[in-house]
Amino acid sequence: MEDSINPGGIVVVGAGGHSRVIVSTIRACRDKVAAVFDDDPRLWGKKLMGIPIQGPVDRLHGHAGRAIVGIGDATLRKSVVDRLNLRWATIIHPHSFVDPAVPLGEGTVIFAGGIVQPEAKVGNHVIVNTGATVDHNCIVEDFSQIAPNATLCGNVSVRQGAFVGAGAVVLENLTVGAWSIVGAGATVIRDLPPHVTAVGCPAQVIKTRTSVPS
Ligand SMILES: CC(C)(COP(=O)(O)OP(=O)(O)OC[C@H]1O[C@@H](n2cnc3c(N)ncnc32)[C@H](O)[C@@H]1OP(=O)(O)O)[C@@H](O)C(=O)NCCC(=O)NCCS
């Protein structure tokens, strides 16, 4: 199996929409994509942006090179990370800005136009998506995602696995609870508890999420 992986490149786990942006970002960094793996047998032997999709994710056990999970869904992303003990890459698009003193965790990606300001902390396997802003002193925990053009004002905490939807705004000093979802375009003006979905301006909780990690 190792023979078919381009040595020195980054393996992408998952072959959906998010993985395409991951591949593009790796290339923008002038790095190489080593291979793509996905558990969907219908994809095996097909190509993703010119790279063969080689087979199921479990074939990566024991792979020594760098890898990244190209799956947008936080629950799935976490389940893949829990399954595989790999060396996770951190990928920062050259047309983004990350304050040089900000620690970024392993497996985290900053897409084009993403901004991470001073004294923020960004955990492991986080997605700061296209044009998203993480302002000063924010804490963005493991497996969370700040979707395209979303804005975290200063000193916001986004707990583990939470998702802040496209174009949403979270006002300063607030917390988005673990595994909660902020709908696209919402404005969060109060803390959100864990495991809820909230939408609108101002954001209101519309449901509790059940099939997510505790
Ligand atoms: C919030 C969201 C997750 C809800 O999905 P869902 O749980 O499947 O909920 P539903 O689609 O059943 O919608 C439930 C209700 O919320 C409303 N709603 C859904 N999304 C909304 C949004 N973003 N803003 C305002 N209202 C919204 C629906 O109209 C519906 O209202 P109703 O009960 O009066 O008919 C989804 O609509 C959303 O905004 N996703 C984010 C998309 C995004 O940012 N993608 C970026 C990917 S990188």
# chains A, B, ... in the order shown; residues from 1 in each chain; ligands from 1
>>> residues_around(residues="Thr187 of chain A", least_positions_apart="6", cutoff="8 Å", atoms="only C-alpha atoms", output="ChimeraX atom specification")
/A:168-171,199-203
>>> residues_around(residues="segment 83-89 of chain A", least_positions_apart="2", cutoff="8 Å", atoms="only C-alpha atoms", output="list of chain:residue names")
A:Ile10, A:Asp58, A:Leu60, A:His61, A:Gly62, A:His63, A:Ala64, A:Gly65, A:Arg66, A:Ala67, A:Ile68, A:Ser79, A:Val80, A:Val81, A:Ile91, A:Glu106, A:Gly107, A:Thr108
>>> write_last_selection(atoms="all heavy atoms", output="CSV table (one decimal), in the first residue's frame")
chain,number,residue,atom,x,y,z
A,10,ILE,N,1.2,15.0,1.5
A,10,ILE,CA,0.2,14.9,2.6
A,10,ILE,C,-0.9,14.0,2.1
A,10,ILE,O,-1.5,14.3,1.0
A,10,ILE,CB,-0.3,16.3,3.0
A,10,ILE,CG1,0.9,17.2,3.4
A,10,ILE,CG2,-1.4,16.2,4.0
A,10,ILE,CD1,0.5,18.6,3.7
A,58,ASP,N,-9.0,2.7,6.6
A,58,ASP,CA,-8.2,1.9,7.5
A,58,ASP,C,-6.9,1.4,6.9
A,58,ASP,O,-6.0,0.9,7.6
A,58,ASP,CB,-9.1,0.7,7.9
A,58,ASP,CG,-10.0,1.1,9.0
A,58,ASP,OD1,-9.7,2.1,9.7
A,58,ASP,OD2,-11.1,0.5,9.2
A,60,LEU,N,-4.7,3.2,6.0
A,60,LEU,CA,-3.6,4.1,6.4
A,60,LEU,C,-3.0,3.8,7.8
A,60,LEU,O,-2.1,4.4,8.2
A,60,LEU,CB,-4.2,5.5,6.5
A,60,LEU,CG,-4.5,6.2,5.1
A,60,LEU,CD1,-5.4,7.4,5.3
A,60,LEU,CD2,-3.2,6.5,4.5
A,61,HIS,N,-3.5,2.7,8.5
A,61,HIS,CA,-2.9,2.3,9.7
A,61,HIS,C,-1.4,2.1,9.5
A,61,HIS,O,-1.0,1.4,8.6
A,61,HIS,CB,-3.5,1.1,10.3
A,61,HIS,CG,-4.9,1.3,10.9
A,61,HIS,ND1,-5.1,2.2,12.0
A,61,HIS,CD2,-6.1,0.9,10.5
A,61,HIS,CE1,-6.4,2.2,12.3
A,61,HIS,NE2,-7.0,1.5,11.4
A,62,GLY,N,-0.6,2.7,10.3
A,62,GLY,CA,0.9,2.5,10.2
A,62,GLY,C,1.5,3.4,9.2
A,62,GLY,O,2.8,3.4,9.1
A,63,HIS,N,0.8,4.3,8.5
A,63,HIS,CA,1.4,5.2,7.5
A,63,HIS,C,2.2,6.2,8.3
A,63,HIS,O,1.8,6.8,9.3
A,63,HIS,CB,0.3,5.9,6.7
A,63,HIS,CG,0.8,7.0,5.9
A,63,HIS,ND1,1.7,6.8,4.8
A,63,HIS,CD2,0.6,8.4,5.9
A,63,HIS,CE1,2.0,7.9,4.2
A,63,HIS,NE2,1.4,8.9,4.9
A,64,ALA,N,3.5,6.4,7.9
A,64,ALA,CA,4.4,7.3,8.7
A,64,ALA,C,4.4,8.7,8.2
A,64,ALA,O,4.9,9.6,9.0
A,64,ALA,CB,5.8,6.7,8.5
A,65,GLY,N,3.8,9.0,7.1
A,65,GLY,CA,3.9,10.4,6.6
A,65,GLY,C,2.8,11.3,7.2
A,65,GLY,O,2.0,10.8,8.0
A,66,ARG,N,2.7,12.5,6.7
A,66,ARG,CA,1.7,13.5,7.2
A,66,ARG,C,0.4,13.2,6.6
A,66,ARG,O,0.3,12.7,5.4
A,66,ARG,CB,2.2,14.9,6.8
A,66,ARG,CG,3.4,15.4,7.5
A,66,ARG,CD,3.9,16.7,7.0
A,66,ARG,NE,4.2,16.6,5.6
A,66,ARG,CZ,4.2,17.6,4.7
A,66,ARG,NH1,4.0,18.8,5.1
A,66,ARG,NH2,4.6,17.4,3.5
A,67,ALA,N,-0.7,13.6,7.3
A,67,ALA,CA,-2.1,13.4,6.8
A,67,ALA,C,-2.9,14.5,7.3
A,67,ALA,O,-2.6,15.2,8.3
A,67,ALA,CB,-2.6,12.0,7.2
A,68,ILE,N,-4.1,14.7,6.6
A,68,ILE,CA,-5.1,15.7,7.0
A,68,ILE,C,-6.4,15.1,6.8
A,68,ILE,O,-6.6,14.4,5.8
A,68,ILE,CB,-4.9,17.0,6.3
A,68,ILE,CG1,-5.7,18.1,6.8
A,68,ILE,CG2,-5.1,16.8,4.8
A,68,ILE,CD1,-5.0,18.9,7.9
A,79,SER,N,-14.3,11.1,14.4
A,79,SER,CA,-14.3,9.6,14.4
A,79,SER,C,-13.1,9.1,13.6
A,79,SER,O,-12.5,8.1,13.9
A,79,SER,CB,-15.6,9.0,13.9
A,79,SER,OG,-15.7,9.2,12.5
A,80,VAL,N,-12.8,9.8,12.5
A,80,VAL,CA,-11.6,9.4,11.7
A,80,VAL,C,-10.3,9.6,12.5
A,80,VAL,O,-9.4,8.7,12.6
A,80,VAL,CB,-11.5,10.2,10.4
A,80,VAL,CG1,-10.1,10.0,9.7
A,80,VAL,CG2,-12.6,9.7,9.4
A,81,VAL,N,-10.2,10.7,13.2
A,81,VAL,CA,-9.0,11.0,14.0
A,81,VAL,C,-8.9,9.9,15.1
A,81,VAL,O,-7.8,9.4,15.5
A,81,VAL,CB,-9.1,12.4,14.6
A,81,VAL,CG1,-8.0,12.6,15.6
A,81,VAL,CG2,-8.9,13.4,13.4
A,91,ILE,N,-2.2,23.1,8.0
A,91,ILE,CA,-2.1,23.7,6.7
A,91,ILE,C,-2.6,25.1,6.7
A,91,ILE,O,-3.8,25.4,7.1
A,91,ILE,CB,-2.8,22.8,5.6
A,91,ILE,CG1,-2.3,21.4,5.6
A,91,ILE,CG2,-2.8,23.5,4.3
A,91,ILE,CD1,-3.1,20.4,4.8
A,106,GLU,N,-2.6,20.5,15.7
A,106,GLU,CA,-2.4,19.6,14.6
A,106,GLU,C,-3.7,19.3,13.8
A,106,GLU,O,-4.7,19.3,14.4
A,106,GLU,CB,-1.7,18.3,15.1
A,106,GLU,CG,-2.6,17.5,16.1
A,106,GLU,CD,-2.0,16.2,16.6
A,106,GLU,OE1,-0.8,16.1,16.6
A,106,GLU,OE2,-2.8,15.3,17.0
A,107,GLY,N,-3.6,19.1,12.5
A,107,GLY,CA,-4.7,18.8,11.7
A,107,GLY,C,-5.6,19.9,11.4
A,107,GLY,O,-6.7,19.8,10.8
A,108,THR,N,-5.2,21.1,11.8
A,108,THR,CA,-6.0,22.3,11.6
A,108,THR,C,-5.7,23.0,10.2
A,108,THR,O,-4.5,22.9,9.8
A,108,THR,CB,-5.7,23.3,12.8
A,108,THR,OG1,-6.4,22.8,13.9
A,108,THR,CG2,-6.2,24.7,12.5
>>> residues_near_ligand(ligand="ligand 1", cutoff="10 Å", atoms="only C-alpha atoms and all ligand atoms", output="PyMOL selection string")
chain A and resi 17-18+72-73+127-130+145-150+163-168+180-187+196-209
>>> closest_residue(among="A:Asp40, A:Asp142, A:Glu119, A:Asp82", to="Val158 of chain A", atoms="only C-alpha atoms")
A:Asp142
>>> residues_around(residues="Gly16 of chain A", least_positions_apart="5", cutoff="10 Å", atoms="only C-alpha atoms", output="ChimeraX atom specification")
/A:21,38,43,48,70-72
>>> atom_distance(atom1="atom CA of Ile22 of chain A", atom2="atom CA of Ala162 of chain A")
19.8 Å
>>> closest_residue(among="A:Lys121, A:Arg20, A:His93, A:Arg190", to="Val109 of chain A", atoms="only C-alpha atoms")
A:His93
>>> atom_distance(atom1="atom CA of Glu172 of chain A", atom2="atom CA of Asn155 of chain A")
5.7 Å
>>> select_by_dssp(residues="segment 7-178 of chain A", states="alpha helix (DSSP H)", output="count of residues only")
22
>>> select_by_dssp(residues="segment 67-181 of chain A", states="strand (DSSP E or B)", output="MDAnalysis selection string")
chainID A and resid 67:69 87:88 91:92 97:98 104 109:110 115:116 121:122 127:128 133:134 139:140 145:146 151:152 157:158 163:164 169:170 175:176 181
>>> closest_residue(among="A:Ile115, A:Val122, A:Met49, A:Val134", to="Ser96 of chain A", atoms="only C-alpha atoms")
A:Ile115
>>> atom_distance(atom1="atom CA of Ile26 of chain A", atom2="atom CA of Pro7 of chain A")
14.7 Å
>>> closest_residue(among="A:Val13, A:Ile110, A:Ile5, A:Val57", to="Gly123 of chain A", atoms="only C-alpha atoms")
A:Ile110
>>> residues_around(residues="Asp39 of chain A", least_positions_apart="5", cutoff="8 Å", atoms="only C-alpha atoms", output="list in words")
Gly14, Gly55, Pro56 and Val57 of chain A
